[in-house]
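Dropping data_13.cif in here (mmCIF, N, CA and C atoms):
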data_entry
loop_
_atom_site.label_atom_id
_atom_site.label_comp_id
_atom_site.auth_asym_id
_atom_site.auth_seq_id
_atom_site.Cartn_x
_atom_site.Cartn_y
_atom_site.Cartn_z
N MET I 226 125.70 71.96 246.84
CA MET I 226 124.95 70.71 246.80
C MET I 226 123.58 70.94 246.13
N PHE I 227 122.93 72.04 246.47
CA PHE I 227 121.62 72.34 245.91
C PHE I 227 121.72 72.51 244.39
N LYS I 228 122.76 73.20 243.92
CA LYS I 228 122.93 73.43 242.49
C LYS I 228 123.18 72.13 241.75
N LYS I 229 123.95 71.23 242.34
CA LYS I 229 124.22 69.94 241.70
C LYS I 229 122.93 69.12 241.61
N GLY I 230 122.13 69.14 242.66
CA GLY I 230 120.85 68.41 242.67
C GLY I 230 119.89 68.98 241.64
N LEU I 231 119.82 70.29 241.55
CA LEU I 231 118.95 70.94 240.58
C LEU I 231 119.41 70.63 239.15
N ALA I 232 120.71 70.66 238.93
CA ALA I 232 121.25 70.35 237.61
C ALA I 232 120.95 68.89 237.23
N LEU I 233 121.07 67.99 238.18
CA LEU I 233 120.79 66.59 237.93
C LEU I 233 119.32 66.37 237.58
N ILE I 234 118.44 67.01 238.32
CA ILE I 234 117.00 66.89 238.05
C ILE I 234 116.68 67.47 236.67
N LEU I 235 117.28 68.59 236.33
CA LEU I 235 117.06 69.21 235.02
C LEU I 235 117.54 68.30 233.89
N ILE I 236 118.68 67.70 234.04
CA ILE I 236 119.21 66.79 233.01
C ILE I 236 118.31 65.58 232.85
N ILE I 237 117.86 65.01 233.94
CA ILE I 237 116.97 63.85 233.87
C ILE I 237 115.65 64.22 233.20
N PHE I 238 115.12 65.37 233.54
CA PHE I 238 113.86 65.83 232.96
C PHE I 238 114.00 66.03 231.46
N LEU I 239 115.06 66.69 231.03
CA LEU I 239 115.25 66.96 229.60
C LEU I 239 115.48 65.69 228.80
N THR I 240 116.22 64.75 229.34
CA THR I 240 116.44 63.51 228.60
C THR I 240 115.19 62.64 228.57
N ALA I 241 114.40 62.70 229.60
CA ALA I 241 113.17 61.90 229.64
C ALA I 241 112.16 62.44 228.64
N CYS I 242 112.13 63.75 228.43
CA CYS I 242 111.15 64.34 227.51
C CYS I 242 111.47 64.08 226.05
N THR I 243 112.73 63.88 225.72
CA THR I 243 113.09 63.70 224.32
C THR I 243 113.53 62.29 223.97
N ALA I 244 113.69 61.43 224.92
CA ALA I 244 114.22 60.09 224.65
C ALA I 244 113.32 59.28 223.74
N TYR I 245 112.03 59.37 223.91
CA TYR I 245 111.12 58.56 223.12
C TYR I 245 110.98 59.07 221.69
N GLU I 246 111.44 60.26 221.39
CA GLU I 246 111.28 60.84 220.07
C GLU I 246 112.42 60.53 219.12
N ASP I 247 113.41 59.79 219.54
CA ASP I 247 114.56 59.53 218.71
C ASP I 247 114.34 58.41 217.70
N GLU I 248 113.23 57.76 217.76
CA GLU I 248 112.94 56.67 216.84
C GLU I 248 112.50 57.22 215.49
N GLN I 249 112.58 56.39 214.46
CA GLN I 249 112.11 56.78 213.14
C GLN I 249 110.59 56.94 213.18
N GLY I 250 110.08 57.87 212.42
CA GLY I 250 108.66 58.19 212.43
C GLY I 250 107.79 57.15 211.76
N GLN I 251 106.52 57.45 211.71
CA GLN I 251 105.55 56.52 211.15
C GLN I 251 104.64 57.26 210.19
N ALA I 252 104.47 56.71 209.02
CA ALA I 252 103.55 57.24 208.03
C ALA I 252 102.36 56.30 207.96
N PHE I 253 101.18 56.82 208.13
CA PHE I 253 99.98 56.00 208.13
C PHE I 253 99.47 55.89 206.70
N MET I 254 99.73 54.74 206.08
CA MET I 254 99.43 54.54 204.67
C MET I 254 97.99 54.09 204.45
N LEU I 255 97.47 54.46 203.28
CA LEU I 255 96.11 54.08 202.91
C LEU I 255 96.11 53.14 201.70
N GLN I 256 97.21 52.45 201.46
CA GLN I 256 97.33 51.59 200.29
C GLN I 256 96.25 50.53 200.23
N GLU I 257 95.91 49.98 201.36
CA GLU I 257 94.91 48.92 201.36
C GLU I 257 93.52 49.43 201.00
N SER I 258 93.38 50.75 200.94
CA SER I 258 92.11 51.33 200.54
C SER I 258 92.09 51.52 199.03
N ALA I 259 92.23 50.42 198.33
CA ALA I 259 92.31 50.46 196.87
C ALA I 259 91.05 51.09 196.29
N GLY I 260 91.24 51.85 195.25
CA GLY I 260 90.11 52.48 194.59
C GLY I 260 89.73 53.81 195.19
N LYS I 261 90.40 54.25 196.22
CA LYS I 261 90.07 55.54 196.84
C LYS I 261 90.99 56.66 196.38
N GLY I 262 91.95 56.35 195.51
CA GLY I 262 92.81 57.38 194.93
C GLY I 262 93.74 58.05 195.92
N GLN I 263 94.28 57.31 196.87
CA GLN I 263 95.15 57.89 197.90
C GLN I 263 96.63 57.55 197.67
N GLU I 264 96.96 57.07 196.47
CA GLU I 264 98.33 56.67 196.19
C GLU I 264 99.30 57.85 196.28
N ALA I 265 98.89 59.00 195.77
CA ALA I 265 99.77 60.17 195.80
C ALA I 265 100.02 60.63 197.23
N SER I 266 99.00 60.59 198.06
CA SER I 266 99.19 61.01 199.45
C SER I 266 100.11 60.03 200.18
N ASP I 267 100.02 58.74 199.85
CA ASP I 267 100.92 57.75 200.45
C ASP I 267 102.36 58.00 200.02
N ARG I 268 102.56 58.34 198.77
CA ARG I 268 103.91 58.62 198.29
C ARG I 268 104.47 59.87 198.97
N ALA I 269 103.63 60.88 199.13
CA ALA I 269 104.06 62.11 199.82
C ALA I 269 104.40 61.81 201.29
N LYS I 270 103.63 60.94 201.91
CA LYS I 270 103.91 60.56 203.30
C LYS I 270 105.27 59.88 203.41
N GLU I 271 105.57 59.01 202.46
CA GLU I 271 106.87 58.34 202.47
C GLU I 271 108.00 59.35 202.37
N GLU I 272 107.80 60.37 201.57
CA GLU I 272 108.81 61.41 201.40
C GLU I 272 108.94 62.26 202.67
N LEU I 273 107.82 62.61 203.29
CA LEU I 273 107.85 63.48 204.47
C LEU I 273 108.41 62.77 205.70
N ILE I 274 108.16 61.48 205.81
CA ILE I 274 108.62 60.76 207.00
C ILE I 274 110.14 60.63 207.02
N LYS I 275 110.78 60.87 205.89
CA LYS I 275 112.24 60.84 205.83
C LYS I 275 112.87 62.04 206.54
N MET I 276 112.09 63.07 206.77
CA MET I 276 112.61 64.25 207.44
C MET I 276 112.92 63.92 208.90
N ASP I 277 114.06 64.37 209.38
CA ASP I 277 114.49 64.09 210.75
C ASP I 277 113.54 64.67 211.79
N GLU I 278 112.92 65.80 211.49
CA GLU I 278 112.07 66.48 212.46
C GLU I 278 110.69 65.83 212.63
N VAL I 279 110.31 64.96 211.71
CA VAL I 279 108.94 64.43 211.66
C VAL I 279 108.84 63.08 212.36
N LEU I 280 107.86 62.98 213.26
CA LEU I 280 107.58 61.71 213.95
C LEU I 280 106.54 60.89 213.20
N SER I 281 105.49 61.54 212.72
CA SER I 281 104.46 60.82 211.97
C SER I 281 103.76 61.79 211.02
N VAL I 282 103.08 61.21 210.03
CA VAL I 282 102.43 61.99 208.99
C VAL I 282 101.03 61.45 208.76
N ARG I 283 100.09 62.34 208.61
CA ARG I 283 98.72 61.99 208.20
C ARG I 283 98.39 62.83 206.99
N GLY I 284 97.54 62.32 206.11
CA GLY I 284 97.16 63.11 204.96
C GLY I 284 96.18 62.40 204.06
N ILE I 285 95.41 63.21 203.34
CA ILE I 285 94.47 62.70 202.35
C ILE I 285 94.56 63.58 201.11
N GLN I 286 93.99 63.08 200.04
CA GLN I 286 93.96 63.84 198.80
C GLN I 286 92.64 63.57 198.09
N HIS I 287 92.29 64.51 197.23
CA HIS I 287 91.17 64.32 196.31
C HIS I 287 91.49 65.11 195.06
N ARG I 288 91.55 64.44 193.97
CA ARG I 288 91.97 65.00 192.69
C ARG I 288 93.32 65.68 192.84
N ASP I 289 93.39 66.99 192.67
CA ASP I 289 94.70 67.67 192.71
C ASP I 289 94.92 68.46 194.00
N VAL I 290 94.15 68.17 195.03
CA VAL I 290 94.31 68.85 196.33
C VAL I 290 94.79 67.82 197.36
N MET I 291 95.85 68.18 198.08
CA MET I 291 96.43 67.28 199.06
C MET I 291 96.66 68.04 200.36
N ILE I 292 96.25 67.45 201.47
CA ILE I 292 96.49 68.05 202.78
C ILE I 292 97.27 67.05 203.62
N MET I 293 98.38 67.52 204.16
CA MET I 293 99.24 66.69 205.00
C MET I 293 99.43 67.37 206.35
N ALA I 294 99.42 66.57 207.40
CA ALA I 294 99.69 67.08 208.75
C ALA I 294 100.88 66.34 209.32
N LEU I 295 101.78 67.09 209.90
CA LEU I 295 103.01 66.52 210.45
C LEU I 295 102.99 66.57 211.96
N HIS I 296 103.42 65.50 212.59
CA HIS I 296 103.67 65.50 214.03
C HIS I 296 105.17 65.66 214.17
N VAL I 297 105.59 66.80 214.71
CA VAL I 297 106.99 67.18 214.74
C VAL I 297 107.57 66.88 216.12
N LYS I 298 108.85 66.49 216.14
CA LYS I 298 109.53 66.25 217.41
C LYS I 298 109.48 67.50 218.28
N GLN I 299 109.39 67.29 219.56
CA GLN I 299 109.26 68.40 220.51
C GLN I 299 110.40 69.41 220.37
N LYS I 300 111.61 68.92 220.24
CA LYS I 300 112.75 69.83 220.17
C LYS I 300 112.78 70.65 218.88
N ASP I 301 112.06 70.21 217.85
CA ASP I 301 112.03 70.92 216.58
C ASP I 301 110.82 71.84 216.43
N ARG I 302 109.99 71.93 217.45
CA ARG I 302 108.79 72.76 217.37
C ARG I 302 109.10 74.26 217.39
N PHE I 303 110.36 74.60 217.71
CA PHE I 303 110.73 76.01 217.74
C PHE I 303 110.90 76.60 216.34
N HIS I 304 111.06 75.75 215.34
CA HIS I 304 111.19 76.24 213.97
C HIS I 304 110.20 75.53 213.04
N LEU I 305 108.93 75.59 213.41
CA LEU I 305 107.88 74.93 212.64
C LEU I 305 107.74 75.51 211.23
N LYS I 306 107.94 76.82 211.10
CA LYS I 306 107.81 77.45 209.79
C LYS I 306 108.82 76.85 208.81
N ASP I 307 110.03 76.63 209.26
CA ASP I 307 111.05 76.03 208.39
C ASP I 307 110.71 74.58 208.06
N VAL I 308 110.18 73.85 209.03
CA VAL I 308 109.80 72.45 208.81
C VAL I 308 108.67 72.39 207.78
N ARG I 309 107.67 73.27 207.92
CA ARG I 309 106.56 73.29 206.96
C ARG I 309 107.05 73.64 205.55
N LYS I 310 107.96 74.62 205.46
CA LYS I 310 108.50 75.04 204.17
C LYS I 310 109.27 73.90 203.51
N GLN I 311 110.10 73.23 204.29
CA GLN I 311 110.87 72.10 203.76
C GLN I 311 109.93 70.98 203.30
N ALA I 312 108.90 70.70 204.08
CA ALA I 312 107.93 69.66 203.73
C ALA I 312 107.16 70.04 202.46
N PHE I 313 106.74 71.30 202.40
CA PHE I 313 106.01 71.77 201.22
C PHE I 313 106.86 71.63 199.97
N ASP I 314 108.11 72.08 200.04
CA ASP I 314 109.00 71.99 198.88
C ASP I 314 109.22 70.55 198.45
N SER I 315 109.33 69.65 199.43
CA SER I 315 109.54 68.24 199.14
C SER I 315 108.35 67.64 198.39
N VAL I 316 107.15 67.93 198.86
CA VAL I 316 105.94 67.37 198.23
C VAL I 316 105.67 68.07 196.89
N LYS I 317 105.90 69.37 196.84
CA LYS I 317 105.66 70.13 195.61
C LYS I 317 106.56 69.64 194.48
N SER I 318 107.78 69.19 194.82
CA SER I 318 108.67 68.66 193.79
C SER I 318 108.13 67.34 193.21
N LEU I 319 107.38 66.59 194.03
CA LEU I 319 106.76 65.35 193.54
C LEU I 319 105.52 65.63 192.70
N TYR I 320 104.74 66.61 193.14
CA TYR I 320 103.45 66.93 192.51
C TYR I 320 103.36 68.43 192.23
N PRO I 321 104.05 68.91 191.19
CA PRO I 321 104.09 70.35 190.93
C PRO I 321 102.74 70.95 190.52
N ASP I 322 101.83 70.15 189.99
CA ASP I 322 100.55 70.68 189.54
C ASP I 322 99.45 70.59 190.60
N SER I 323 99.77 70.07 191.75
CA SER I 323 98.77 69.89 192.81
C SER I 323 98.76 71.08 193.77
N THR I 324 97.62 71.24 194.42
CA THR I 324 97.49 72.21 195.49
C THR I 324 97.81 71.46 196.78
N ILE I 325 98.82 71.93 197.49
CA ILE I 325 99.32 71.20 198.66
C ILE I 325 99.23 72.09 199.88
N HIS I 326 98.70 71.52 200.96
CA HIS I 326 98.64 72.20 202.25
C HIS I 326 99.41 71.35 203.25
N ILE I 327 100.33 71.98 203.97
CA ILE I 327 101.10 71.30 205.01
C ILE I 327 100.79 71.98 206.33
N SER I 328 100.47 71.18 207.35
CA SER I 328 100.15 71.74 208.65
C SER I 328 100.91 70.99 209.74
N THR I 329 101.22 71.71 210.81
CA THR I 329 101.80 71.08 212.00
C THR I 329 100.84 71.21 213.17
N ASP I 330 99.62 71.64 212.88
CA ASP I 330 98.59 71.82 213.90
C ASP I 330 98.05 70.46 214.33
N LYS I 331 97.97 70.24 215.62
CA LYS I 331 97.51 68.95 216.13
C LYS I 331 96.03 68.71 215.87
N LYS I 332 95.25 69.78 215.80
CA LYS I 332 93.83 69.64 215.48
C LYS I 332 93.66 69.10 214.05
N ILE I 333 94.42 69.64 213.12
CA ILE I 333 94.38 69.18 211.73
C ILE I 333 94.85 67.73 211.66
N TYR I 334 95.91 67.42 212.40
CA TYR I 334 96.44 66.05 212.44
C TYR I 334 95.34 65.08 212.89
N LYS I 335 94.62 65.46 213.93
CA LYS I 335 93.55 64.60 214.45
C LYS I 335 92.41 64.45 213.43
N GLU I 336 92.03 65.55 212.79
CA GLU I 336 90.97 65.48 211.78
C GLU I 336 91.37 64.59 210.60
N LEU I 337 92.62 64.70 210.19
CA LEU I 337 93.09 63.85 209.10
C LEU I 337 93.17 62.38 209.52
N ALA I 338 93.51 62.14 210.77
CA ALA I 338 93.54 60.76 211.27
C ALA I 338 92.13 60.16 211.22
N GLU I 339 91.13 60.95 211.60
CA GLU I 339 89.75 60.47 211.55
C GLU I 339 89.31 60.24 210.10
N ALA I 340 89.67 61.14 209.20
CA ALA I 340 89.31 60.98 207.79
C ALA I 340 89.99 59.75 207.19
N GLU I 341 91.25 59.54 207.54
CA GLU I 341 91.96 58.35 207.05
C GLU I 341 91.28 57.07 207.53
N GLU I 342 90.88 57.08 208.78
CA GLU I 342 90.22 55.90 209.33
C GLU I 342 88.90 55.62 208.60
N LYS I 343 88.15 56.68 208.29
CA LYS I 343 86.90 56.50 207.53
C LYS I 343 87.18 55.95 206.13
N ILE I 344 88.25 56.44 205.50
CA ILE I 344 88.61 55.94 204.17
C ILE I 344 89.02 54.48 204.25
N LYS I 345 89.81 54.13 205.26
CA LYS I 345 90.27 52.75 205.42
C LYS I 345 89.10 51.79 205.63
N THR I 346 88.14 52.20 206.42
CA THR I 346 87.02 51.32 206.71
C THR I 346 85.94 51.40 205.65
N ASP I 347 86.25 52.15 204.56
CA ASP I 347 85.36 52.23 203.39
C ASP I 347 84.02 52.87 203.71
N HIS I 348 84.01 53.83 204.61
CA HIS I 348 82.77 54.53 204.94
C HIS I 348 82.59 55.80 204.12
N LEU I 349 83.54 56.11 203.24
CA LEU I 349 83.46 57.35 202.47
C LEU I 349 83.46 57.07 200.97
N SER I 350 82.53 57.69 200.28
CA SER I 350 82.55 57.66 198.82
C SER I 350 83.49 58.77 198.36
N ASN I 351 83.71 58.86 197.06
CA ASN I 351 84.59 59.92 196.53
C ASN I 351 84.06 61.31 196.87
N ASP I 352 82.74 61.48 196.78
CA ASP I 352 82.14 62.78 197.12
C ASP I 352 82.33 63.10 198.60
N GLU I 353 82.22 62.08 199.44
CA GLU I 353 82.41 62.30 200.87
C GLU I 353 83.87 62.58 201.20
N VAL I 354 84.80 61.97 200.46
CA VAL I 354 86.22 62.26 200.64
C VAL I 354 86.47 63.73 200.30
N GLU I 355 85.85 64.19 199.22
CA GLU I 355 86.00 65.61 198.83
C GLU I 355 85.42 66.53 199.91
N LYS I 356 84.29 66.14 200.49
CA LYS I 356 83.68 66.95 201.54
C LYS I 356 84.57 67.00 202.78
N GLU I 357 85.13 65.87 203.17
CA GLU I 357 86.07 65.81 204.31
C GLU I 357 87.27 66.70 204.05
N LEU I 358 87.80 66.60 202.84
CA LEU I 358 88.97 67.38 202.47
C LEU I 358 88.67 68.88 202.54
N LYS I 359 87.53 69.28 202.05
CA LYS I 359 87.16 70.70 202.08
C LYS I 359 86.98 71.19 203.52
N LYS I 360 86.43 70.33 204.38
CA LYS I 360 86.26 70.70 205.79
C LYS I 360 87.62 70.92 206.46
N VAL I 361 88.53 69.99 206.23
CA VAL I 361 89.88 70.12 206.82
C VAL I 361 90.60 71.30 206.19
N GLU I 362 90.44 71.49 204.89
CA GLU I 362 91.09 72.61 204.21
C GLU I 362 90.64 73.94 204.77
N ALA I 363 89.37 74.05 205.13
CA ALA I 363 88.86 75.29 205.74
C ALA I 363 89.56 75.55 207.07
N HIS I 364 89.79 74.49 207.85
CA HIS I 364 90.49 74.66 209.14
C HIS I 364 91.96 75.00 208.94
N VAL I 365 92.57 74.47 207.88
CA VAL I 365 93.96 74.78 207.60
C VAL I 365 94.13 76.26 207.29
N LYS I 366 93.17 76.81 206.57
CA LYS I 366 93.26 78.21 206.15
C LYS I 366 92.93 79.20 207.25
N GLU I 367 92.42 78.73 208.38
CA GLU I 367 92.07 79.62 209.50
C GLU I 367 93.29 80.23 210.12
#
What would you get if you wrote out this structure as structure tokens?
Amino acid sequence: MFKKGLALILIIFLTACTAYEDEQGQAFMLQESAGKGQEASDRAKEELIKMDEVLSVRGIQHRDVMIMALHVKQKDRFHLKDVRKQAFDSVKSLYPDSTIHISTDKKIYKELAEAEEKIKTDHLSNDEVEKELKKVEAHVKE
């Protein structure tokens, strides 16, 4: 009886933890931020969100440097290196001449979310976008 109860609790726990992640992901687009040069990052987000492992994508770009952060499904976090490699290859095929950084780090994801919000609300000039990008890029390389 104890084993059946424990098995039941374990099954309920596992299904509850992954049930909400089965939905299609979300890419946070910056299209409405016309004039900020974020079209390439939006296109890359559309490509990355097609991946089954990805729940949501954040990212910014400046000139030929692009940084993307992925929020990966919990069950796929065991093979993050493969997810990053697949994402990198996907974006690199779209923009072969660009410098691309892909991260699954939640800190980078949060920093990119804040930078996107600043771009959307038009609080950043092109120079400030470059400064934000360099700041996040430094954290990616850590």
Please write as a ChimeraX atom specification the full residue list that the PyMOL selection byres ((chain I and resi 285) around 7) yields on this file. /I:263,266,283-284,286-287,290-294,337,341,358
Output file for the selection above: N, CA and C atoms, as an mmCIF file, keeping the file's coordinate frame:
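File result04.cif, as written:
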data_model
loop_
_atom_site.group_PDB
_atom_site.id
_atom_site.type_symbol
_atom_site.label_atom_id
_atom_site.label_comp_id
_atom_site.auth_asym_id
_atom_site.auth_seq_id
_atom_site.Cartn_x
_atom_site.Cartn_y
_atom_site.Cartn_z
ATOM 1 N N GLN I 263 94.280 57.310 196.870
ATOM 2 C CA GLN I 263 95.150 57.890 197.900
ATOM 3 C C GLN I 263 96.630 57.550 197.670
ATOM 4 N N SER I 266 99.000 60.590 198.060
ATOM 5 C CA SER I 266 99.190 61.010 199.450
ATOM 6 C C SER I 266 100.110 60.030 200.180
ATOM 7 N N ARG I 283 100.090 62.340 208.610
ATOM 8 C CA ARG I 283 98.720 61.990 208.200
ATOM 9 C C ARG I 283 98.390 62.830 206.990
ATOM 10 N N GLY I 284 97.540 62.320 206.110
ATOM 11 C CA GLY I 284 97.160 63.110 204.960
ATOM 12 C C GLY I 284 96.180 62.400 204.060
ATOM 13 N N GLN I 286 93.990 63.080 200.040
ATOM 14 C CA GLN I 286 93.960 63.840 198.800
ATOM 15 C C GLN I 286 92.640 63.570 198.090
ATOM 16 N N HIS I 287 92.290 64.510 197.230
ATOM 17 C CA HIS I 287 91.170 64.320 196.310
ATOM 18 C C HIS I 287 91.490 65.110 195.060
ATOM 19 N N VAL I 290 94.150 68.170 195.030
ATOM 20 C CA VAL I 290 94.310 68.850 196.330
ATOM 21 C C VAL I 290 94.790 67.820 197.360
ATOM 22 N N MET I 291 95.850 68.180 198.080
ATOM 23 C CA MET I 291 96.430 67.280 199.060
ATOM 24 C C MET I 291 96.660 68.040 200.360
ATOM 25 N N ILE I 292 96.250 67.450 201.470
ATOM 26 C CA ILE I 292 96.490 68.050 202.780
ATOM 27 C C ILE I 292 97.270 67.050 203.620
ATOM 28 N N MET I 293 98.380 67.520 204.160
ATOM 29 C CA MET I 293 99.240 66.690 205.000
ATOM 30 C C MET I 293 99.430 67.370 206.350
ATOM 31 N N ALA I 294 99.420 66.570 207.400
ATOM 32 C CA ALA I 294 99.690 67.080 208.750
ATOM 33 C C ALA I 294 100.880 66.340 209.320
ATOM 34 N N LEU I 337 92.620 64.700 210.190
ATOM 35 C CA LEU I 337 93.090 63.850 209.100
ATOM 36 C C LEU I 337 93.170 62.380 209.520
ATOM 37 N N GLU I 341 91.250 59.540 207.540
ATOM 38 C CA GLU I 341 91.960 58.350 207.050
ATOM 39 C C GLU I 341 91.280 57.070 207.530
ATOM 40 N N LEU I 358 87.800 66.600 202.840
ATOM 41 C CA LEU I 358 88.970 67.380 202.470
ATOM 42 C C LEU I 358 88.670 68.880 202.540
#
Expressed in Å, the length from atom CA of Val282 of chain I to atom CA of His296 of chain I is 6.3 Å
As a ChimeraX atom specification, list the residues of segment 265-345 of chain I assigned to helix (DSSP H, G or I) by DSSP on the backbone atoms of this structure. /I:265-273,299-319,331-345
Quick one: residues within 6.5 Å of segment 268-271 of chain I, only N, CA and C atoms counted, chain neighbours fewer than 3 positions away excluded, as a list in words?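 Residues near the query, excluding close chain neighbours: Ala252, Gln263, Glu264, Ala265, Ile274, Lys275, Val282 and Val316 of chain I.
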Take the residues from that selection and put them in a file with N, CA and C atoms, as an mmCIF file, keeping the file's coordinate frame.
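The result, stored in out_34.cif:
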data_model
loop_
_atom_site.group_PDB
_atom_site.id
_atom_site.type_symbol
_atom_site.label_atom_id
_atom_site.label_comp_id
_atom_site.auth_asym_id
_atom_site.auth_seq_id
_atom_site.Cartn_x
_atom_site.Cartn_y
_atom_site.Cartn_z
ATOM 1 N N ALA I 252 104.470 56.710 209.020
ATOM 2 C CA ALA I 252 103.550 57.240 208.030
ATOM 3 C C ALA I 252 102.360 56.300 207.960
ATOM 4 N N GLN I 263 94.280 57.310 196.870
ATOM 5 C CA GLN I 263 95.150 57.890 197.900
ATOM 6 C C GLN I 263 96.630 57.550 197.670
ATOM 7 N N GLU I 264 96.960 57.070 196.470
ATOM 8 C CA GLU I 264 98.330 56.670 196.190
ATOM 9 C C GLU I 264 99.300 57.850 196.280
ATOM 10 N N ALA I 265 98.890 59.000 195.770
ATOM 11 C CA ALA I 265 99.770 60.170 195.800
ATOM 12 C C ALA I 265 100.020 60.630 197.230
ATOM 13 N N ILE I 274 108.160 61.480 205.810
ATOM 14 C CA ILE I 274 108.620 60.760 207.000
ATOM 15 C C ILE I 274 110.140 60.630 207.020
ATOM 16 N N LYS I 275 110.780 60.870 205.890
ATOM 17 C CA LYS I 275 112.240 60.840 205.830
ATOM 18 C C LYS I 275 112.870 62.040 206.540
ATOM 19 N N VAL I 282 103.080 61.210 210.030
ATOM 20 C CA VAL I 282 102.430 61.990 208.990
ATOM 21 C C VAL I 282 101.030 61.450 208.760
ATOM 22 N N VAL I 316 107.150 67.930 198.860
ATOM 23 C CA VAL I 316 105.940 67.370 198.230
ATOM 24 C C VAL I 316 105.670 68.070 196.890
#
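Atom pair atom C of Tyr334 of chain I / atom CA of Glu272 of chain I has a distance of 18.1 Å (rounded to one decimal).
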My list of candidates is I:Val297, I:Glu357, I:Leu273, I:Asp330. Which is closest to Ile344 of chain I when distances are computed with only C-alpha atoms?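 That would be I:Glu357, the residue with the smallest distance to Ile344 of chain I.
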Tell me which of I:Leu295, I:Gly262, I:Thr346, I:Met276 sits closest to Ile327 of chain I, counting only N, CA and C atoms. I:Leu295
So, counting only C-alpha atoms, which residue among I:Lys300, I:Glu342, I:Ile237, I:Lys332 is closest to Val361 of chain I? I:Lys332
One decimal, Å: what's the distance from atom CA of Ile333 of chain I over to atom CA of Val365 of chain I, could you say? 7.0 Å
